[in-house]
>>> print(open('data_4.cif').read())   # mmCIF, C-alpha atoms; chains and numbers go by the auth columns
data_structure
#
loop_
_atom_site.group_PDB
_atom_site.id
_atom_site.type_symbol
_atom_site.label_atom_id
_atom_site.label_comp_id
_atom_site.label_asym_id
_atom_site.label_seq_id
_atom_site.Cartn_x
_atom_site.Cartn_y
_atom_site.Cartn_z
_atom_site.B_iso_or_equiv
_atom_site.auth_seq_id
_atom_site.auth_asym_id
ATOM 1 C CA MET A 1 -43.039 69.852 -10.206 0.00 1 A
ATOM 2 C CA ASP A 2 -43.658 71.025 -6.648 0.00 2 A
ATOM 3 C CA MET A 3 -42.465 68.268 -4.269 0.00 3 A
ATOM 4 C CA ASN A 4 -44.805 69.372 -1.459 0.00 4 A
ATOM 5 C CA LYS A 5 -47.788 69.181 -3.777 0.00 5 A
ATOM 6 C CA LEU A 6 -46.693 65.742 -4.968 0.00 6 A
ATOM 7 C CA MET A 7 -46.337 64.498 -1.375 0.00 7 A
ATOM 8 C CA LYS A 8 -49.793 65.817 -0.465 0.00 8 A
ATOM 9 C CA GLN A 9 -51.292 64.057 -3.473 0.00 9 A
ATOM 10 C CA ALA A 10 -49.546 60.808 -2.511 0.00 10 A
ATOM 11 C CA GLN A 11 -50.825 61.069 1.067 0.00 11 A
ATOM 12 C CA LYS A 12 -54.340 61.777 -0.165 0.00 12 A
ATOM 13 C CA MET A 13 -54.186 58.742 -2.458 0.00 13 A
ATOM 14 C CA GLN A 14 -52.893 56.598 0.404 0.00 14 A
ATOM 15 C CA ARG A 15 -55.799 57.673 2.648 0.00 15 A
ATOM 16 C CA GLU A 16 -58.288 57.017 -0.139 0.00 16 A
ATOM 17 C CA MET A 17 -56.794 53.590 -0.789 0.00 17 A
ATOM 18 C CA ALA A 18 -56.997 52.669 2.899 0.00 18 A
ATOM 19 C CA LYS A 19 -60.621 53.818 2.966 0.00 19 A
ATOM 20 C CA ARG A 20 -61.490 51.723 -0.103 0.00 20 A
ATOM 21 C CA GLN A 21 -59.725 48.672 1.311 0.00 21 A
ATOM 22 C CA GLU A 22 -61.742 49.009 4.518 0.00 22 A
ATOM 23 C CA GLU A 23 -64.957 49.347 2.503 0.00 23 A
ATOM 24 C CA MET A 24 -64.012 46.251 0.513 0.00 24 A
ATOM 25 C CA ALA A 25 -63.356 44.319 3.712 0.00 25 A
ATOM 26 C CA GLN A 26 -67.007 44.891 4.644 0.00 26 A
ATOM 27 C CA LYS A 27 -68.336 43.482 1.361 0.00 27 A
ATOM 28 C CA THR A 28 -69.199 39.833 0.927 0.00 28 A
ATOM 29 C CA PHE A 29 -68.825 37.617 -2.110 0.00 29 A
ATOM 30 C CA GLU A 30 -70.717 34.376 -2.620 0.00 30 A
ATOM 31 C CA ALA A 31 -69.994 31.428 -4.879 0.00 31 A
ATOM 32 C CA SER A 32 -71.337 27.914 -5.135 0.00 32 A
ATOM 33 C CA SER A 33 -70.352 24.652 -6.743 0.00 33 A
ATOM 34 C CA GLY A 34 -72.068 21.399 -7.570 0.00 34 A
ATOM 35 C CA GLY A 35 -75.143 23.204 -8.803 0.00 35 A
ATOM 36 C CA GLY A 36 -75.588 25.005 -5.496 0.00 36 A
ATOM 37 C CA MET A 37 -74.816 22.009 -3.300 0.00 37 A
ATOM 38 C CA VAL A 38 -71.959 23.909 -1.624 0.00 38 A
ATOM 39 C CA THR A 39 -72.107 27.677 -1.088 0.00 39 A
ATOM 40 C CA VAL A 40 -69.339 29.832 0.373 0.00 40 A
ATOM 41 C CA VAL A 41 -69.353 33.475 1.417 0.00 41 A
ATOM 42 C CA VAL A 42 -66.064 35.359 1.836 0.00 42 A
ATOM 43 C CA ASN A 43 -65.417 38.962 2.778 0.00 43 A
ATOM 44 C CA GLY A 44 -63.140 41.438 1.045 0.00 44 A
ATOM 45 C CA LYS A 45 -60.228 40.191 3.119 0.00 45 A
ATOM 46 C CA ASN A 46 -60.714 36.708 1.590 0.00 46 A
ATOM 47 C CA GLU A 47 -61.835 35.316 4.947 0.00 47 A
ATOM 48 C CA VAL A 48 -64.474 32.593 4.773 0.00 48 A
ATOM 49 C CA MET A 49 -67.550 33.939 6.534 0.00 49 A
ATOM 50 C CA SER A 50 -69.913 31.027 5.962 0.00 50 A
ATOM 51 C CA LEU A 51 -70.097 27.622 4.355 0.00 51 A
ATOM 52 C CA LYS A 52 -73.372 25.901 3.501 0.00 52 A
ATOM 53 C CA ILE A 53 -73.487 22.242 2.472 0.00 53 A
ATOM 54 C CA GLU A 54 -76.734 20.681 1.322 0.00 54 A
ATOM 55 C CA PRO A 55 -77.356 17.454 3.268 0.00 55 A
ATOM 56 C CA GLU A 56 -77.855 15.325 0.151 0.00 56 A
ATOM 57 C CA VAL A 57 -74.253 15.937 -0.968 0.00 57 A
ATOM 58 C CA ILE A 58 -72.848 14.504 2.277 0.00 58 A
ATOM 59 C CA ASN A 59 -71.833 10.944 1.514 0.00 59 A
ATOM 60 C CA PRO A 60 -69.313 9.376 3.907 0.00 60 A
ATOM 61 C CA GLU A 61 -68.222 7.051 1.106 0.00 61 A
ATOM 62 C CA ASP A 62 -67.382 9.932 -1.230 0.00 62 A
ATOM 63 C CA ALA A 63 -65.636 12.533 0.926 0.00 63 A
ATOM 64 C CA ASP A 64 -63.343 13.437 -1.987 0.00 64 A
ATOM 65 C CA MET A 65 -66.232 14.841 -4.007 0.00 65 A
ATOM 66 C CA LEU A 66 -67.405 17.012 -1.112 0.00 66 A
ATOM 67 C CA GLN A 67 -63.875 18.283 -0.517 0.00 67 A
ATOM 68 C CA ASP A 68 -63.543 19.160 -4.213 0.00 68 A
ATOM 69 C CA LEU A 69 -66.857 21.046 -4.150 0.00 69 A
ATOM 70 C CA ILE A 70 -65.776 23.032 -1.087 0.00 70 A
ATOM 71 C CA VAL A 71 -62.414 23.932 -2.595 0.00 71 A
ATOM 72 C CA ALA A 72 -64.054 24.993 -5.869 0.00 72 A
ATOM 73 C CA ALA A 73 -66.595 27.216 -4.109 0.00 73 A
ATOM 74 C CA VAL A 74 -63.984 28.826 -1.828 0.00 74 A
ATOM 75 C CA ASN A 75 -61.629 29.500 -4.731 0.00 75 A
ATOM 76 C CA GLU A 76 -64.393 31.080 -6.827 0.00 76 A
ATOM 77 C CA ALA A 77 -65.614 33.299 -3.964 0.00 77 A
ATOM 78 C CA GLN A 78 -62.062 34.466 -3.276 0.00 78 A
ATOM 79 C CA ARG A 79 -61.497 35.104 -6.999 0.00 79 A
ATOM 80 C CA ARG A 80 -64.612 37.288 -7.072 0.00 80 A
ATOM 81 C CA ALA A 81 -63.450 39.247 -4.020 0.00 81 A
ATOM 82 C CA GLN A 82 -59.998 39.823 -5.494 0.00 82 A
ATOM 83 C CA GLU A 83 -61.451 40.818 -8.854 0.00 83 A
ATOM 84 C CA GLU A 84 -63.671 43.406 -7.170 0.00 84 A
ATOM 85 C CA MET A 85 -60.737 44.750 -5.142 0.00 85 A
ATOM 86 C CA GLN A 86 -58.643 45.149 -8.283 0.00 86 A
ATOM 87 C CA LYS A 87 -61.523 46.872 -10.055 0.00 87 A
ATOM 88 C CA GLU A 88 -62.034 49.295 -7.149 0.00 88 A
ATOM 89 C CA LEU A 89 -58.367 50.160 -6.779 0.00 89 A
ATOM 90 C CA SER A 90 -57.622 50.446 -10.485 0.00 90 A
ATOM 91 C CA GLY A 91 -60.550 52.830 -10.840 0.00 91 A
ATOM 92 C CA MET A 92 -59.174 54.924 -8.018 0.00 92 A
ATOM 93 C CA MET A 93 -55.684 54.978 -9.512 0.00 93 A
ATOM 94 C CA GLY A 94 -56.903 55.938 -12.973 0.00 94 A
ATOM 95 C CA GLY A 95 -55.519 52.796 -14.578 0.00 95 A
ATOM 96 C CA MET A 96 -51.983 53.233 -13.244 0.00 96 A
ATOM 97 C CA ASN A 97 -50.257 49.889 -12.841 0.00 97 A
ATOM 98 C CA ILE A 98 -47.893 49.930 -9.887 0.00 98 A
ATOM 99 C CA PRO A 99 -46.006 46.620 -9.592 0.00 99 A
ATOM 100 C CA GLY A 100 -46.545 44.799 -6.319 0.00 100 A
ATOM 101 C CA LEU A 101 -49.582 46.851 -5.333 0.00 101 A
ATOM 102 C CA MET A 102 -52.210 44.347 -6.388 0.00 102 A
#
>>> encode(input="data_4.cif", output="structure tokens")
Amino acid sequence: MDMNKLMKQAQKMQREMAKRQEEMAQKTFEASSGGGMVTVVVNGKNEVMSLKIEPEVINPEDADMLQDLIVAAVNEAQRRAQEEMQKELSGMMGGMNIPGLM
């Protein structure tokens, strides 16, 4: 196998991966909990972009429930973002599984 050709292919794959990661960073993923009482939007970098809480779920005497709803919505939105990232990158890599990459 030609080492120069292999290096060029690796560099091309690295550029493509960086491009896809940047594209993913621009995407948003939304999830809600409590039947839509709490809605979270994260980007492809798993950063929380917005959080919407319906006023009727705000009860000063039951802060624990609201905290649980927020955590559930954030976790689900981040799971969706990570799932999409894995799908994008595995498609690009033709199903190759490289430990530590994802």
>>> atom_distance(input="data_4.cif", atom1="CA of Gln9 in chain A", atom2="CA of Leu89 in chain A")
15.9 Å
>>> closest_residue(input="data_4.cif", among="A:Ser33, A:Gln26, A:Gln67, A:Asn46", to="Glu83 in chain A", atoms="all atoms listed in the file")
A:Asn46
>>> residues_around(input="data_4.cif", residues="Lys27 in chain A", least_positions_apart="2", cutoff="6 Å", atoms="all atoms listed in the file", output="PyMOL selection string")
chain A and resi 24-25+43-44
>>> residues_around(input="data_4.cif", residues="Ile53 in chain A", least_positions_apart="3", cutoff="9 Å", atoms="all atoms listed in the file", output="PyMOL selection string")
chain A and resi 36-40+56-58+66+70
>>> atom_distance(input="data_4.cif", atom1="CA of Glu47 in chain A", atom2="CA of Gly34 in chain A")
21.3 Å
>>> axis_aligned_box(input="data_4.cif", around="range 34-45 of chain A", padding_each_side="8 Å", output="lines of an AutoDock Vina configuration file")
center_x = -67.9
center_y = 31.4
center_z = -2.8
size_x = 31.4
size_y = 36.0
size_z = 27.9
>>> atom_distance(input="data_4.cif", atom1="CA of Ser50 in chain A", atom2="CA of Met17 in chain A")
27.0 Å
>>> closest_residue(input="data_4.cif", among="A:Ser32, A:Gln11, A:Gln82, A:Gln21", to="Glu54 in chain A", atoms="all atoms listed in the file")
A:Ser32
>>> residues_around(input="data_4.cif", residues="Ala31 in chain A", least_positions_apart="2", cutoff="7 Å", atoms="all atoms listed in the file", output="ChimeraX atom specification")
/A:29,39-41,73,76-77
>>> closest_residue(input="data_4.cif", among="A:Lys45, A:Ala10, A:Pro55, A:Asn75", to="Glu22 in chain A", atoms="all atoms listed in the file")
A:Lys45
>>> build_atoms(input="data_4.cif", residues="range 21-49 of chain A", atoms="N, CA and C atoms", output="mmCIF file, in the coordinates of the input")
data_model
loop_
_atom_site.group_PDB
_atom_site.id
_atom_site.type_symbol
_atom_site.label_atom_id
_atom_site.label_comp_id
_atom_site.auth_asym_id
_atom_site.auth_seq_id
_atom_site.Cartn_x
_atom_site.Cartn_y
_atom_site.Cartn_z
ATOM 1 N N GLN A 21 -60.030 50.025 0.837
ATOM 2 C CA GLN A 21 -59.725 48.672 1.311
ATOM 3 C C GLN A 21 -60.616 48.308 2.493
ATOM 4 N N GLU A 22 -60.859 49.261 3.376
ATOM 5 C CA GLU A 22 -61.742 49.009 4.518
ATOM 6 C C GLU A 22 -63.173 48.763 4.045
ATOM 7 N N GLU A 23 -63.622 49.554 3.064
ATOM 8 C CA GLU A 23 -64.957 49.347 2.503
ATOM 9 C C GLU A 23 -65.063 47.959 1.867
ATOM 10 N N MET A 24 -64.024 47.568 1.151
ATOM 11 C CA MET A 24 -64.012 46.251 0.513
ATOM 12 C C MET A 24 -64.056 45.133 1.547
ATOM 13 N N ALA A 25 -63.381 45.336 2.663
ATOM 14 C CA ALA A 25 -63.356 44.319 3.712
ATOM 15 C C ALA A 25 -64.761 44.045 4.243
ATOM 16 N N GLN A 26 -65.643 45.039 4.141
ATOM 17 C CA GLN A 26 -67.007 44.891 4.644
ATOM 18 C C GLN A 26 -67.930 44.191 3.645
ATOM 19 N N LYS A 27 -67.511 44.128 2.387
ATOM 20 C CA LYS A 27 -68.336 43.482 1.361
ATOM 21 C C LYS A 27 -68.213 41.969 1.459
ATOM 22 N N THR A 28 -69.250 41.291 0.972
ATOM 23 C CA THR A 28 -69.199 39.833 0.927
ATOM 24 C C THR A 28 -69.366 39.359 -0.505
ATOM 25 N N PHE A 29 -68.804 38.209 -0.782
ATOM 26 C CA PHE A 29 -68.825 37.617 -2.110
ATOM 27 C C PHE A 29 -69.209 36.153 -1.954
ATOM 28 N N GLU A 30 -70.174 35.734 -2.734
ATOM 29 C CA GLU A 30 -70.717 34.376 -2.620
ATOM 30 C C GLU A 30 -70.450 33.598 -3.901
ATOM 31 N N ALA A 31 -70.155 32.327 -3.732
ATOM 32 C CA ALA A 31 -69.994 31.428 -4.879
ATOM 33 C C ALA A 31 -70.460 30.048 -4.455
ATOM 34 N N SER A 32 -70.903 29.279 -5.441
ATOM 35 C CA SER A 32 -71.337 27.914 -5.135
ATOM 36 C C SER A 32 -70.755 26.970 -6.172
ATOM 37 N N SER A 33 -70.810 25.700 -5.835
ATOM 38 C CA SER A 33 -70.352 24.652 -6.743
ATOM 39 C C SER A 33 -71.313 23.479 -6.634
ATOM 40 N N GLY A 34 -71.190 22.570 -7.584
ATOM 41 C CA GLY A 34 -72.068 21.399 -7.570
ATOM 42 C C GLY A 34 -73.527 21.777 -7.759
ATOM 43 N N GLY A 35 -73.763 22.783 -8.576
ATOM 44 C CA GLY A 35 -75.143 23.204 -8.803
ATOM 45 C C GLY A 35 -75.811 23.757 -7.559
ATOM 46 N N GLY A 36 -75.038 24.405 -6.705
ATOM 47 C CA GLY A 36 -75.588 25.005 -5.496
ATOM 48 C C GLY A 36 -75.544 24.088 -4.284
ATOM 49 N N MET A 37 -74.898 22.952 -4.422
ATOM 50 C CA MET A 37 -74.816 22.009 -3.300
ATOM 51 C C MET A 37 -73.887 22.517 -2.199
ATOM 52 N N VAL A 38 -72.882 23.293 -2.580
ATOM 53 C CA VAL A 38 -71.959 23.909 -1.624
ATOM 54 C C VAL A 38 -71.902 25.392 -1.933
ATOM 55 N N THR A 39 -72.137 26.228 -0.918
ATOM 56 C CA THR A 39 -72.107 27.677 -1.088
ATOM 57 C C THR A 39 -71.181 28.280 -0.045
ATOM 58 N N VAL A 40 -70.316 29.186 -0.499
ATOM 59 C CA VAL A 40 -69.339 29.832 0.373
ATOM 60 C C VAL A 40 -69.498 31.340 0.264
ATOM 61 N N VAL A 41 -69.361 32.016 1.384
ATOM 62 C CA VAL A 41 -69.353 33.475 1.417
ATOM 63 C C VAL A 41 -68.019 33.902 2.028
ATOM 64 N N VAL A 42 -67.304 34.790 1.312
ATOM 65 C CA VAL A 42 -66.064 35.359 1.836
ATOM 66 C C VAL A 42 -66.234 36.868 1.902
ATOM 67 N N ASN A 43 -65.398 37.505 2.734
ATOM 68 C CA ASN A 43 -65.417 38.962 2.778
ATOM 69 C C ASN A 43 -64.294 39.506 1.907
ATOM 70 N N GLY A 44 -64.154 40.802 1.873
ATOM 71 C CA GLY A 44 -63.140 41.438 1.045
ATOM 72 C C GLY A 44 -61.720 41.181 1.485
ATOM 73 N N LYS A 45 -61.553 40.586 2.645
ATOM 74 C CA LYS A 45 -60.228 40.191 3.119
ATOM 75 C C LYS A 45 -59.930 38.739 2.765
ATOM 76 N N ASN A 46 -60.816 38.121 1.981
ATOM 77 C CA ASN A 46 -60.714 36.708 1.590
ATOM 78 C C ASN A 46 -60.859 35.756 2.770
ATOM 79 N N GLU A 47 -61.547 36.189 3.809
ATOM 80 C CA GLU A 47 -61.835 35.316 4.947
ATOM 81 C C GLU A 47 -63.171 34.636 4.693
ATOM 82 N N VAL A 48 -63.225 33.328 4.939
ATOM 83 C CA VAL A 48 -64.474 32.593 4.773
ATOM 84 C C VAL A 48 -65.400 32.980 5.913
ATOM 85 N N MET A 49 -66.571 33.503 5.544
ATOM 86 C CA MET A 49 -67.550 33.939 6.534
ATOM 87 C C MET A 49 -68.587 32.859 6.810
#
